[in-house]
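Student: Please find target_10.cif (mmCIF, C-alpha atoms) on the next line:
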data_final
#
loop_
_atom_site.label_atom_id
_atom_site.label_comp_id
_atom_site.auth_asym_id
_atom_site.auth_seq_id
_atom_site.Cartn_x
_atom_site.Cartn_y
_atom_site.Cartn_z
CA MET D 30 -1.60 4.78 18.04
CA PRO D 31 -5.15 4.34 16.74
CA VAL D 32 -5.96 8.03 17.44
CA THR D 33 -3.91 10.96 16.17
CA VAL D 34 -4.71 14.70 16.25
CA LEU D 35 -2.40 16.80 14.10
CA ASP D 36 -1.93 20.55 13.75
CA THR D 37 -0.05 20.22 10.44
CA PRO D 38 -1.19 18.90 7.02
CA PHE D 39 -1.24 15.11 6.62
CA ASP D 40 -1.36 12.66 3.72
CA PRO D 41 -4.11 10.10 4.41
CA LEU D 42 -2.92 7.59 1.79
CA GLN D 43 0.62 7.73 3.17
CA LEU D 44 -0.63 7.14 6.72
CA LEU D 45 -2.77 4.24 5.52
CA LYS D 46 0.22 2.69 3.80
CA GLN D 47 2.32 3.00 6.96
CA HIS D 48 -0.44 1.57 9.12
CA GLU D 49 -1.03 -1.41 6.81
CA GLN D 50 2.55 -2.46 7.31
CA THR D 51 1.79 -3.10 10.99
CA LEU D 52 -0.98 -5.61 10.15
CA GLU D 53 -0.60 -9.33 9.59
CA ALA D 54 -0.82 -9.94 5.83
CA GLY D 55 -3.33 -12.67 4.97
CA SER D 56 -5.62 -12.04 7.96
CA VAL D 57 -7.22 -8.86 6.57
CA GLY D 58 -9.96 -9.44 4.01
CA ALA D 59 -11.51 -5.98 3.99
CA ALA D 60 -10.46 -2.39 4.51
CA ALA D 61 -12.77 0.64 4.49
CA HIS D 62 -11.48 4.20 4.55
CA PHE D 63 -13.15 7.56 4.79
CA ILE D 64 -11.37 10.85 4.12
CA GLY D 65 -12.98 14.22 4.74
CA THR D 66 -11.33 17.14 2.96
CA MET D 67 -11.84 20.88 3.11
CA ARG D 68 -14.00 22.26 0.28
CA ASN D 69 -13.64 25.74 -1.20
CA HIS D 70 -17.32 26.48 -0.59
CA ASN D 71 -20.00 25.69 1.99
CA GLU D 72 -23.72 26.45 1.94
CA GLY D 73 -23.33 28.48 -1.24
CA VAL D 74 -20.50 30.72 -0.01
CA GLY D 75 -16.82 30.64 -0.99
CA VAL D 76 -14.54 29.62 1.89
CA SER D 77 -10.84 30.53 1.82
CA SER D 78 -9.66 28.89 5.04
CA LEU D 79 -10.94 26.83 7.93
CA THR D 80 -9.77 26.81 11.54
CA LEU D 81 -10.52 23.81 13.71
CA GLU D 82 -10.54 24.35 17.44
CA HIS D 83 -10.77 21.44 19.84
CA TYR D 84 -10.62 20.45 23.52
CA PRO D 85 -7.41 18.42 23.40
CA ALA D 86 -7.68 16.17 26.46
CA MET D 87 -11.34 15.39 25.81
CA THR D 88 -10.81 14.88 22.07
CA THR D 89 -8.21 12.18 22.60
CA LYS D 90 -10.29 10.46 25.26
CA GLU D 91 -13.50 10.58 23.21
CA LEU D 92 -11.89 9.32 19.99
CA ALA D 93 -10.29 6.43 21.89
CA LYS D 94 -13.71 5.56 23.34
CA ILE D 95 -15.30 5.63 19.88
CA ILE D 96 -12.72 3.11 18.66
CA GLU D 97 -13.27 0.96 21.75
CA ASP D 98 -17.04 1.05 21.13
CA ALA D 99 -16.53 0.04 17.48
CA HIS D 100 -14.43 -2.96 18.55
CA ALA D 101 -17.25 -3.99 20.90
CA LYS D 102 -19.90 -3.74 18.15
CA TRP D 103 -18.10 -5.35 15.21
CA ASN D 104 -15.44 -7.97 14.60
CA LEU D 105 -12.47 -5.77 13.70
CA ILE D 106 -8.77 -6.32 13.22
CA ASP D 107 -7.79 -2.68 13.57
CA ALA D 108 -9.14 0.89 13.48
CA LEU D 109 -7.60 4.28 12.90
CA ILE D 110 -8.75 7.87 13.37
CA VAL D 111 -6.66 10.88 12.33
CA HIS D 112 -8.02 14.43 12.71
CA ARG D 113 -6.49 17.75 11.74
CA VAL D 114 -6.78 20.88 13.91
CA GLY D 115 -5.64 24.49 13.43
CA THR D 116 -5.89 26.48 10.21
CA MET D 117 -6.13 24.78 6.82
CA THR D 118 -6.91 25.63 3.20
CA PRO D 119 -9.21 24.05 0.57
CA GLY D 120 -8.12 20.56 -0.48
CA ASP D 121 -6.50 19.81 2.88
CA PRO D 122 -7.55 16.53 4.50
CA ILE D 123 -9.50 17.14 7.74
CA VAL D 124 -10.23 13.62 8.92
CA LEU D 125 -9.37 10.01 8.16
CA THR D 126 -11.18 6.97 9.56
CA ALA D 127 -10.16 3.45 8.61
CA ILE D 128 -11.14 -0.10 9.52
CA TRP D 129 -9.46 -3.41 8.76
CA SER D 130 -11.46 -6.61 9.25
CA ALA D 131 -11.92 -10.13 7.92
CA HIS D 132 -15.27 -9.40 6.22
CA ARG D 133 -16.65 -6.40 4.39
CA ALA D 134 -19.83 -5.69 6.37
CA ASP D 135 -17.78 -5.06 9.54
CA ALA D 136 -15.43 -2.73 7.66
CA PHE D 137 -18.17 -0.68 5.98
CA GLU D 138 -20.37 -0.37 9.05
CA ALA D 139 -17.61 0.35 11.56
CA CYS D 140 -15.92 2.91 9.29
CA ARG D 141 -19.15 4.84 9.01
CA TYR D 142 -19.77 4.49 12.74
CA LEU D 143 -16.38 6.08 13.50
CA MET D 144 -17.27 9.11 11.38
CA GLU D 145 -20.83 9.56 12.65
CA GLU D 146 -19.81 9.22 16.28
CA LEU D 147 -16.85 11.54 15.78
CA LYS D 148 -19.20 14.15 14.30
CA SER D 149 -21.53 13.99 17.27
CA ARG D 150 -19.22 13.23 20.23
CA ALA D 151 -15.67 14.49 19.60
CA PRO D 152 -15.21 18.14 20.68
CA PHE D 153 -14.10 19.88 17.47
CA TRP D 154 -15.46 23.19 16.16
CA LYS D 155 -15.02 24.73 12.73
CA LYS D 156 -14.66 28.43 11.97
CA GLU D 157 -14.66 29.43 8.31
CA THR D 158 -12.88 32.43 6.82
CA LEU D 159 -15.01 33.41 3.85
CA ALA D 160 -13.86 34.53 0.41
CA ASP D 161 -15.20 38.04 1.18
CA GLY D 162 -12.91 38.28 4.25
CA GLY D 163 -15.51 37.70 6.95
CA ASP D 164 -15.64 34.70 9.20
CA ARG D 165 -18.30 32.50 10.79
CA TRP D 166 -18.53 29.57 13.16
CA VAL D 167 -20.09 26.49 11.58
CA GLU D 168 -23.07 25.99 13.88
CA LYS D 169 -24.85 23.14 12.14
CA ASN D 170 -24.57 19.85 13.88
CA THR D 171 -24.99 16.62 11.95
CA ALA D 172 -27.12 13.63 12.86
CA GLY D 173 -25.51 10.67 14.60
CA TYR D 174 -25.28 7.14 13.27
CA THR D 175 -28.59 5.32 13.20
CA MET Y 19 -11.16 4.93 -16.93
CA PRO Y 20 -13.53 4.34 -14.00
CA VAL Y 21 -13.38 0.54 -14.52
CA THR Y 22 -10.18 -1.50 -14.68
CA VAL Y 23 -9.70 -5.29 -14.68
CA LEU Y 24 -6.10 -6.39 -14.11
CA ASP Y 25 -4.36 -9.77 -14.36
CA THR Y 26 -1.32 -8.60 -12.39
CA PRO Y 27 -0.96 -7.40 -8.75
CA PHE Y 28 -1.99 -3.80 -8.06
CA ASP Y 29 -1.44 -1.27 -5.30
CA PRO Y 30 -4.80 0.26 -4.32
CA LEU Y 31 -3.32 3.22 -2.42
CA GLN Y 32 -1.08 4.06 -5.37
CA LEU Y 33 -4.04 3.93 -7.79
CA LEU Y 34 -6.09 6.12 -5.45
CA LYS Y 35 -3.28 8.65 -5.29
CA GLN Y 36 -3.04 8.74 -9.10
CA HIS Y 37 -6.79 9.07 -9.48
CA GLU Y 38 -7.05 11.89 -6.94
CA GLN Y 39 -4.71 13.95 -9.06
CA THR Y 40 -7.34 14.01 -11.80
CA LEU Y 41 -9.96 15.59 -9.50
CA GLU Y 42 -10.52 19.29 -8.88
CA ALA Y 43 -9.05 20.11 -5.46
CA GLY Y 44 -11.50 21.99 -3.26
CA SER Y 45 -14.64 20.44 -4.76
CA VAL Y 46 -14.28 17.05 -3.06
CA GLY Y 47 -15.42 16.97 0.56
CA ALA Y 48 -15.60 13.22 1.05
CA ALA Y 49 -13.89 10.08 -0.21
CA ALA Y 50 -14.81 6.52 0.69
CA HIS Y 51 -12.69 3.54 -0.31
CA PHE Y 52 -13.12 -0.20 0.03
CA ILE Y 53 -10.33 -2.69 -0.55
CA GLY Y 54 -10.89 -6.44 -0.56
CA THR Y 55 -7.76 -8.55 -0.09
CA MET Y 56 -7.08 -12.27 -0.28
CA ARG Y 57 -7.02 -13.99 3.11
CA ASN Y 58 -4.91 -17.06 3.93
CA HIS Y 59 -7.98 -18.95 5.16
CA ASN Y 60 -11.67 -19.25 4.33
CA GLU Y 61 -14.43 -21.11 6.14
CA GLY Y 62 -11.92 -22.64 8.53
CA VAL Y 63 -9.54 -24.00 5.88
CA GLY Y 64 -6.09 -22.70 4.91
CA VAL Y 65 -5.97 -21.28 1.37
CA SER Y 66 -2.65 -20.97 -0.46
CA SER Y 67 -3.79 -19.32 -3.70
CA LEU Y 68 -6.89 -18.00 -5.40
CA THR Y 69 -7.73 -17.94 -9.10
CA LEU Y 70 -10.34 -15.51 -10.34
CA GLU Y 71 -12.03 -16.35 -13.62
CA HIS Y 72 -14.31 -13.86 -15.34
CA TYR Y 73 -16.30 -13.19 -18.50
CA PRO Y 74 -14.27 -10.28 -19.83
CA ALA Y 75 -16.68 -8.48 -22.15
CA MET Y 76 -19.58 -8.82 -19.72
CA THR Y 77 -17.47 -7.85 -16.70
CA THR Y 78 -16.46 -4.54 -18.22
CA LYS Y 79 -19.99 -3.80 -19.35
CA GLU Y 80 -21.56 -4.72 -16.01
CA LEU Y 81 -19.05 -2.75 -13.91
CA ALA Y 82 -19.57 0.32 -16.08
CA LYS Y 83 -23.34 -0.05 -15.59
CA ILE Y 84 -22.91 -0.29 -11.82
CA ILE Y 85 -21.00 2.98 -11.82
CA GLU Y 86 -23.64 4.58 -14.05
CA ASP Y 87 -26.36 3.38 -11.66
CA ALA Y 88 -24.45 4.81 -8.68
CA HIS Y 89 -24.22 8.21 -10.37
CA ALA Y 90 -27.99 8.11 -10.94
CA LYS Y 91 -28.72 7.27 -7.28
CA TRP Y 92 -26.30 9.62 -5.48
CA ASN Y 93 -24.64 12.97 -6.02
CA LEU Y 94 -21.11 11.89 -6.90
CA ILE Y 95 -18.03 13.60 -8.25
CA ASP Y 96 -16.27 10.42 -9.35
CA ALA Y 97 -16.22 6.64 -8.91
CA LEU Y 98 -13.63 3.95 -9.46
CA ILE Y 99 -13.69 0.15 -9.60
CA VAL Y 100 -10.54 -1.95 -9.98
CA HIS Y 101 -10.73 -5.77 -9.94
CA ARG Y 102 -7.98 -8.36 -10.12
CA VAL Y 103 -8.30 -11.59 -12.14
CA GLY Y 104 -6.01 -14.62 -12.58
CA THR Y 105 -4.02 -16.31 -9.83
CA MET Y 106 -3.07 -14.49 -6.63
CA THR Y 107 -1.65 -15.23 -3.19
CA PRO Y 108 -2.72 -14.22 0.36
CA GLY Y 109 -2.41 -10.50 1.02
CA ASP Y 110 -2.97 -9.56 -2.64
CA PRO Y 111 -5.65 -6.92 -3.23
CA ILE Y 112 -8.64 -8.37 -5.13
CA VAL Y 113 -10.92 -5.37 -5.50
CA LEU Y 114 -10.96 -1.63 -4.96
CA THR Y 115 -14.05 0.57 -5.03
CA ALA Y 116 -13.86 4.30 -4.40
CA ILE Y 117 -16.20 7.28 -4.42
CA TRP Y 118 -15.49 11.00 -4.32
CA SER Y 119 -18.34 13.37 -3.48
CA ALA Y 120 -19.16 16.67 -1.79
CA HIS Y 121 -20.82 15.08 1.27
CA ARG Y 122 -20.10 11.96 3.28
CA ALA Y 123 -23.45 10.15 3.07
CA ASP Y 124 -23.14 9.91 -0.73
CA ALA Y 125 -19.57 8.60 -0.47
CA PHE Y 126 -20.33 5.95 2.17
CA GLU Y 127 -23.54 4.71 0.56
CA ALA Y 128 -22.32 4.68 -3.02
CA CYS Y 129 -19.03 2.97 -2.12
CA ARG Y 130 -20.93 0.16 -0.44
CA TYR Y 131 -23.37 -0.01 -3.34
CA LEU Y 132 -20.51 -0.53 -5.80
CA MET Y 133 -19.23 -3.50 -3.77
CA GLU Y 134 -22.61 -5.13 -3.16
CA GLU Y 135 -23.69 -4.78 -6.78
CA LEU Y 136 -20.32 -6.03 -8.01
CA LYS Y 137 -20.69 -9.10 -5.78
CA SER Y 138 -24.10 -9.93 -7.19
CA ARG Y 139 -23.92 -8.74 -10.83
CA ALA Y 140 -20.33 -8.78 -12.14
CA PRO Y 141 -19.34 -12.18 -13.60
CA PHE Y 142 -16.32 -13.22 -11.52
CA TRP Y 143 -15.75 -16.66 -9.99
CA LYS Y 144 -13.23 -17.71 -7.36
CA LYS Y 145 -11.41 -21.04 -7.18
CA GLU Y 146 -9.31 -21.66 -4.09
CA THR Y 147 -6.19 -23.82 -3.94
CA LEU Y 148 -6.15 -25.17 -0.40
CA ALA Y 149 -3.18 -25.57 1.92
CA ASP Y 150 -3.57 -29.38 1.62
CA GLY Y 151 -3.12 -29.17 -2.18
CA GLY Y 152 -6.77 -29.66 -3.18
CA ASP Y 153 -8.90 -27.03 -4.83
CA ARG Y 154 -12.53 -25.91 -4.72
CA TRP Y 155 -14.78 -23.40 -6.39
CA VAL Y 156 -16.23 -20.83 -4.01
CA GLU Y 157 -19.95 -21.46 -4.50
CA LYS Y 158 -21.42 -19.19 -1.86
CA ASN Y 159 -23.06 -16.14 -3.21
CA THR Y 160 -23.48 -13.06 -1.06
CA ALA Y 161 -26.57 -10.97 -0.56
CA GLY Y 162 -27.03 -7.81 -2.60
CA TYR Y 163 -27.29 -4.28 -1.26
CA THR Y 164 -30.53 -3.59 0.55
CA MET T 16 -9.44 23.12 45.52
CA PRO T 17 -11.15 25.33 42.94
CA ILE T 18 -13.23 24.10 40.01
CA THR T 19 -11.61 24.64 36.61
CA VAL T 20 -13.95 26.07 33.94
CA LYS T 21 -13.45 26.15 30.17
CA PHE T 22 -15.48 27.70 27.36
CA PHE T 23 -14.89 26.78 23.73
CA ALA T 24 -15.44 28.13 20.21
CA SER T 25 -18.33 30.59 19.66
CA LEU T 26 -19.31 30.32 23.32
CA ARG T 27 -15.92 31.63 24.43
CA GLU T 28 -16.39 34.67 22.18
CA GLN T 29 -19.90 35.38 23.53
CA ILE T 30 -18.84 35.63 27.17
CA LYS T 31 -17.07 38.87 27.97
CA SER T 32 -14.96 37.88 30.98
CA PRO T 33 -15.22 34.14 31.61
CA ALA T 34 -13.77 32.81 34.87
CA SER T 35 -11.25 30.03 34.40
CA GLN T 36 -11.50 28.95 38.03
CA ILE T 37 -14.30 29.27 40.58
CA ASP T 38 -14.55 28.43 44.25
CA SER T 39 -16.55 25.27 44.86
CA ALA T 40 -18.43 26.77 47.84
CA GLY T 41 -22.15 26.69 47.06
CA ILE T 42 -21.65 24.84 43.75
CA ALA T 43 -23.67 21.65 43.37
CA THR T 44 -24.31 21.21 39.64
CA VAL T 45 -22.93 22.06 36.21
CA ALA T 46 -25.63 24.74 35.92
CA ASP T 47 -24.27 26.35 39.11
CA VAL T 48 -20.81 26.43 37.53
CA TRP T 49 -22.20 28.29 34.51
CA ALA T 50 -23.96 30.83 36.72
CA ALA T 51 -20.78 31.50 38.69
CA ALA T 52 -18.39 31.66 35.73
CA ALA T 53 -20.35 33.30 32.89
CA ASP T 54 -21.89 36.74 32.58
CA ILE T 55 -24.82 35.66 30.37
CA PRO T 56 -27.64 33.15 30.83
CA ILE T 57 -26.86 29.65 29.54
CA PRO T 58 -27.85 29.53 25.83
CA ASP T 59 -29.97 26.75 24.34
CA HIS T 60 -28.09 23.76 22.90
CA VAL T 61 -24.96 24.33 24.98
CA LEU T 62 -23.07 21.09 25.59
CA CYS T 63 -21.01 20.42 28.69
CA SER T 64 -18.53 18.00 30.17
CA VAL T 65 -17.22 17.14 33.62
CA ASN T 66 -13.69 15.72 33.72
CA LEU T 67 -13.74 15.15 29.92
CA ASP T 68 -17.01 13.18 29.89
CA HIS T 69 -20.17 14.51 28.26
CA CYS T 70 -22.75 15.52 30.89
CA THR T 71 -25.98 17.46 31.39
CA ALA T 72 -26.45 20.78 33.20
CA ALA T 73 -28.09 18.93 36.12
CA ASP T 74 -25.07 16.68 36.75
CA SER T 75 -23.25 17.23 40.03
CA VAL T 76 -19.84 18.82 40.39
CA LYS T 77 -17.30 18.58 43.17
CA ASP T 78 -14.07 20.23 44.29
CA GLY T 79 -11.24 19.89 41.79
CA ASP T 80 -13.42 18.99 38.80
CA GLU T 81 -12.84 20.38 35.31
CA VAL T 82 -16.09 21.63 33.77
CA ALA T 83 -16.31 22.67 30.11
CA PHE T 84 -19.05 24.35 28.06
CA PHE T 85 -19.18 24.29 24.28
CA PRO T 86 -21.48 24.75 21.28
CA PRO T 87 -22.72 21.85 19.13
CA ILE T 88 -19.84 19.84 17.70
CA THR T 89 -18.88 20.50 14.09
CA GLY T 90 -15.73 18.43 13.49
CA GLY T 91 -15.07 15.71 10.94
CA MET W 16 -25.33 -17.20 -38.34
CA PRO W 17 -24.75 -19.61 -35.48
CA ILE W 18 -25.40 -18.84 -31.80
CA THR W 19 -22.24 -18.57 -29.70
CA VAL W 20 -22.39 -20.43 -26.37
CA LYS W 21 -20.10 -20.03 -23.34
CA PHE W 22 -19.89 -21.89 -20.04
CA PHE W 23 -17.90 -20.52 -17.11
CA ALA W 24 -16.21 -21.68 -13.91
CA SER W 25 -17.52 -24.86 -12.21
CA LEU W 26 -20.20 -25.22 -14.88
CA ARG W 27 -17.59 -25.51 -17.63
CA GLU W 28 -15.92 -28.33 -15.69
CA GLN W 29 -19.21 -30.20 -15.20
CA ILE W 30 -20.07 -30.41 -18.88
CA LYS W 31 -18.02 -33.00 -20.74
CA SER W 32 -18.10 -31.66 -24.28
CA PRO W 33 -19.78 -28.26 -24.39
CA ALA W 34 -20.62 -26.83 -27.81
CA SER W 35 -19.20 -23.36 -28.42
CA GLN W 36 -21.51 -22.73 -31.33
CA ILE W 37 -24.93 -24.11 -32.21
CA ASP W 38 -27.20 -23.72 -35.20
CA SER W 39 -30.11 -21.39 -34.50
CA ALA W 40 -32.63 -23.62 -36.27
CA GLY W 41 -35.30 -24.66 -33.77
CA ILE W 42 -33.84 -22.46 -30.98
CA ALA W 43 -36.30 -20.03 -29.38
CA THR W 44 -35.12 -19.51 -25.80
CA VAL W 45 -32.04 -19.58 -23.58
CA ALA W 46 -33.26 -22.94 -22.21
CA ASP W 47 -33.23 -24.31 -25.78
CA VAL W 48 -29.61 -23.18 -26.13
CA TRP W 49 -28.68 -25.12 -23.00
CA ALA W 50 -30.41 -28.26 -24.24
CA ALA W 51 -28.60 -28.07 -27.57
CA ALA W 52 -25.15 -27.25 -26.19
CA ALA W 53 -24.84 -29.15 -22.91
CA ASP W 54 -24.89 -32.88 -22.19
CA ILE W 55 -26.51 -32.58 -18.74
CA PRO W 56 -29.80 -31.10 -17.51
CA ILE W 57 -29.62 -27.45 -16.49
CA PRO W 58 -28.63 -27.33 -12.79
CA ASP W 59 -30.48 -25.22 -10.21
CA HIS W 60 -29.19 -21.71 -9.64
CA VAL W 61 -27.47 -21.42 -13.03
CA LEU W 62 -27.24 -17.84 -14.22
CA CYS W 63 -27.30 -16.81 -17.86
CA SER W 64 -26.78 -13.88 -20.17
CA VAL W 65 -27.66 -12.94 -23.73
CA ASN W 66 -25.28 -10.51 -25.43
CA LEU W 67 -23.63 -9.66 -22.08
CA ASP W 68 -26.89 -8.81 -20.26
CA HIS W 69 -28.25 -10.91 -17.40
CA CYS W 70 -31.32 -12.90 -18.51
CA THR W 71 -33.60 -15.78 -17.52
CA ALA W 72 -33.83 -19.22 -19.13
CA ALA W 73 -37.17 -18.22 -20.68
CA ASP W 74 -35.74 -15.23 -22.53
CA SER W 75 -35.69 -15.45 -26.30
CA VAL W 76 -32.60 -15.92 -28.45
CA LYS W 77 -31.97 -15.15 -32.09
CA ASP W 78 -29.39 -15.80 -34.77
CA GLY W 79 -25.96 -14.38 -33.97
CA ASP W 80 -26.55 -13.96 -30.22
CA GLU W 81 -23.93 -14.81 -27.63
CA VAL W 82 -25.42 -16.85 -24.79
CA ALA W 83 -23.50 -17.61 -21.60
CA PHE W 84 -24.17 -19.87 -18.62
CA PHE W 85 -22.43 -19.54 -15.27
CA PRO W 86 -22.68 -20.44 -11.57
CA PRO W 87 -23.53 -17.88 -8.85
CA ILE W 88 -21.12 -14.96 -8.86
CA THR W 89 -18.33 -15.00 -6.27
CA GLY W 90 -16.13 -12.01 -7.13
CA GLY W 91 -15.16 -9.03 -5.05
#
Can I see the file as structure tokens?
Tutor:
Amino acid sequence: MPVTVLDTPFDPLQLLKQHEQTLEAGSVGAAAHFIGTMRNHNEGVGVSSLTLEHYPAMTTKELAKIIEDAHAKWNLIDALIVHRVGTMTPGDPIVLTAIWSAHRADAFEACRYLMEELKSRAPFWKKETLADGGDRWVEKNTAGYT
Amino acid sequence: MPVTVLDTPFDPLQLLKQHEQTLEAGSVGAAAHFIGTMRNHNEGVGVSSLTLEHYPAMTTKELAKIIEDAHAKWNLIDALIVHRVGTMTPGDPIVLTAIWSAHRADAFEACRYLMEELKSRAPFWKKETLADGGDRWVEKNTAGYT
Amino acid sequence: MPITVKFFASLREQIKSPASQIDSAGIATVADVWAAAADIPIPDHVLCSVNLDHCTAADSVKDGDEVAFFPPITGG
Amino acid sequence: MPITVKFFASLREQIKSPASQIDSAGIATVADVWAAAADIPIPDHVLCSVNLDHCTAADSVKDGDEVAFFPPITGG
């Protein structure tokens, strides 16, 4: 499955290794990966945990569309998106996007596209539990891919 | 060491895993990786093996300068370049570039910068052994990062 | 058939007693769904979807649709 | 001290008997090094370095330098 949403911790490098074994060796010339991990601070404040809420049916549909759109825009061999939901702690991987292609420009550009589109289109919301015990929704959206 | 040149096969995901263990968990928010692997064809012709020649002292110096330049241009936590030399077969990893940073734009941009600069500045040359038994130097240069 | 309504994240916490289903009688647009289901005016920057596709408040809604409202996306 | 000269990749194969060291007497530039060390005219698009830094054929060279010539880079 090119799209996976998980409510337990995951190991991006292990998933990449598993996924590579499904690809035809010798056809791939380029792979680009992006891994987003939870930091222990954000906007100058210590963060002790992060809870990711999502809209499950829409998330899966939207992520699958993003991958479909990437295949239409670039010449790709394969693409992968993995996203964590639920409550996590600093150092935990949040998101993995990966592209395999023949040439590097496709891999670099499509990998970034997956992330930027995910950040603007896929219905996930972050709530931070702060080091002082309070909590806050992350309300800042990020710009799309241009 | 941020720069490694190897004359034996390497496992990029294994090296990334090792390198991650040297980083402070909770400070990294973004990681971008690029892996270039040997394909079994190039410009429409089957390729059975590839030999990478280099200029060892200059290679090491130039790759270290590329990493230094990347640190000057972006806000990075760490950077890694691994490059294979000698004779390899299809499917073998040729090059790995990786960036760890707080935010994703730095990781994506710097990771691509490492690859584009490497392709235009680091003294490596490829000679292909073709499926029909002949060989040829790869003479096509690739455009730098713009 | 009723219209299913969902509110997510900070928006869900702002609305005291959100309806999860509303009757489709008199409902033409996504904005009408908000007015029938929420007890506060629609905030700026609210995003919405009909049947899992992004939409605008002016988009039309029919019997049996699932309509969702949510704040700006912050995943990844 | 002599000047050390290196040729790489396809360039090394094109030159029949490349010198690996030349006397610095009468040598002012990288182009002079080529003329003294190689048995063919300098091809278009040749790259060069002095003491491991990229350079141009017009750059100056002194006693003890290491000068290298190579074709366009094709690594990565």
Student: What is the CA of Gln32 (chain Y) to CA of Ile53 (chain Y) distance in Å?
Tutor: 12.4 Å
Student: From the list W:Ile88, W:Ala46, W:Val82, W:Ala73, which residue is nearest Thr77 (chain Y) when using only C-alpha atoms?
Tutor: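 Among the listed residues, W:Ile88 lies closest to Thr77 (chain Y).
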Student: On this structure, which residues satisfy the PyMOL selection byres ((chain Y) within 10 of (chain D)), written as a short mmCIF file (atom, residue, chain, number, x, y, z; two decimals) with C-alpha atoms, keeping the file's coordinate frame?
Tutor:
data_model
loop_
_atom_site.label_atom_id
_atom_site.label_comp_id
_atom_site.auth_asym_id
_atom_site.auth_seq_id
_atom_site.Cartn_x
_atom_site.Cartn_y
_atom_site.Cartn_z
CA PRO Y 30 -4.80 0.26 -4.32
CA LEU Y 31 -3.32 3.22 -2.42
CA GLN Y 32 -1.08 4.06 -5.37
CA LEU Y 34 -6.09 6.12 -5.45
CA LYS Y 35 -3.28 8.65 -5.29
CA GLU Y 42 -10.52 19.29 -8.88
CA ALA Y 43 -9.05 20.11 -5.46
CA GLY Y 44 -11.50 21.99 -3.26
CA SER Y 45 -14.64 20.44 -4.76
CA VAL Y 46 -14.28 17.05 -3.06
CA GLY Y 47 -15.42 16.97 0.56
CA ALA Y 48 -15.60 13.22 1.05
CA ALA Y 49 -13.89 10.08 -0.21
CA ALA Y 50 -14.81 6.52 0.69
CA HIS Y 51 -12.69 3.54 -0.31
CA PHE Y 52 -13.12 -0.20 0.03
CA ILE Y 53 -10.33 -2.69 -0.55
CA GLY Y 54 -10.89 -6.44 -0.56
CA THR Y 55 -7.76 -8.55 -0.09
CA MET Y 56 -7.08 -12.27 -0.28
CA ARG Y 57 -7.02 -13.99 3.11
CA ASN Y 58 -4.91 -17.06 3.93
CA HIS Y 59 -7.98 -18.95 5.16
CA ASN Y 60 -11.67 -19.25 4.33
CA VAL Y 65 -5.97 -21.28 1.37
CA SER Y 66 -2.65 -20.97 -0.46
CA THR Y 107 -1.65 -15.23 -3.19
CA PRO Y 108 -2.72 -14.22 0.36
CA GLY Y 109 -2.41 -10.50 1.02
CA ASP Y 110 -2.97 -9.56 -2.64
CA PRO Y 111 -5.65 -6.92 -3.23
CA ILE Y 112 -8.64 -8.37 -5.13
CA VAL Y 113 -10.92 -5.37 -5.50
CA LEU Y 114 -10.96 -1.63 -4.96
CA THR Y 115 -14.05 0.57 -5.03
CA ALA Y 116 -13.86 4.30 -4.40
CA ILE Y 117 -16.20 7.28 -4.42
CA TRP Y 118 -15.49 11.00 -4.32
CA SER Y 119 -18.34 13.37 -3.48
CA ALA Y 120 -19.16 16.67 -1.79
CA HIS Y 121 -20.82 15.08 1.27
CA ARG Y 122 -20.10 11.96 3.28
CA ALA Y 123 -23.45 10.15 3.07
CA ALA Y 125 -19.57 8.60 -0.47
CA PHE Y 126 -20.33 5.95 2.17
CA GLU Y 127 -23.54 4.71 0.56
CA CYS Y 129 -19.03 2.97 -2.12
CA ARG Y 130 -20.93 0.16 -0.44
CA MET Y 133 -19.23 -3.50 -3.77
CA GLU Y 134 -22.61 -5.13 -3.16
#
Student: Show me, as a PyMOL selection string, the residues that have an atom within 9 Å of His69 (chain T) when counting all atoms listed in the file, minus same-chain residues fewer than 6 positions from it.
Tutor: (chain D and resi 150) or (chain T and resi 62-63)
Student: Leaving out Lys83 (chain Y) and any residue of its chain fewer than 2 positions from it, which residues lie within 12 Å of it when counting all atoms listed in the file, given as JSON, numbers by chain?
Tutor: {"Y": [20, 21, 76, 77, 78, 79, 80, 81, 85, 86, 87, 88, 89, 90, 97, 99, 132, 135, 136, 139, 140], "W": [67, 68]}
Student: Suppose we keep C-alpha atoms; can you now write the selection as a tab-separated table (two decimals), keeping the file's coordinate frame?
Tutor:
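Saved as out.tsv:
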chain	number	residue	atom	x	y	z
Y	20	PRO	CA	-13.53	4.34	-14.00
Y	21	VAL	CA	-13.38	0.54	-14.52
Y	76	MET	CA	-19.58	-8.82	-19.72
Y	77	THR	CA	-17.47	-7.85	-16.70
Y	78	THR	CA	-16.46	-4.54	-18.22
Y	79	LYS	CA	-19.99	-3.80	-19.35
Y	80	GLU	CA	-21.56	-4.72	-16.01
Y	81	LEU	CA	-19.05	-2.75	-13.91
Y	85	ILE	CA	-21.00	2.98	-11.82
Y	86	GLU	CA	-23.64	4.58	-14.05
Y	87	ASP	CA	-26.36	3.38	-11.66
Y	88	ALA	CA	-24.45	4.81	-8.68
Y	89	HIS	CA	-24.22	8.21	-10.37
Y	90	ALA	CA	-27.99	8.11	-10.94
Y	97	ALA	CA	-16.22	6.64	-8.91
Y	99	ILE	CA	-13.69	0.15	-9.60
Y	132	LEU	CA	-20.51	-0.53	-5.80
Y	135	GLU	CA	-23.69	-4.78	-6.78
Y	136	LEU	CA	-20.32	-6.03	-8.01
Y	139	ARG	CA	-23.92	-8.74	-10.83
Y	140	ALA	CA	-20.33	-8.78	-12.14
W	67	LEU	CA	-23.63	-9.66	-22.08
W	68	ASP	CA	-26.89	-8.81	-20.26
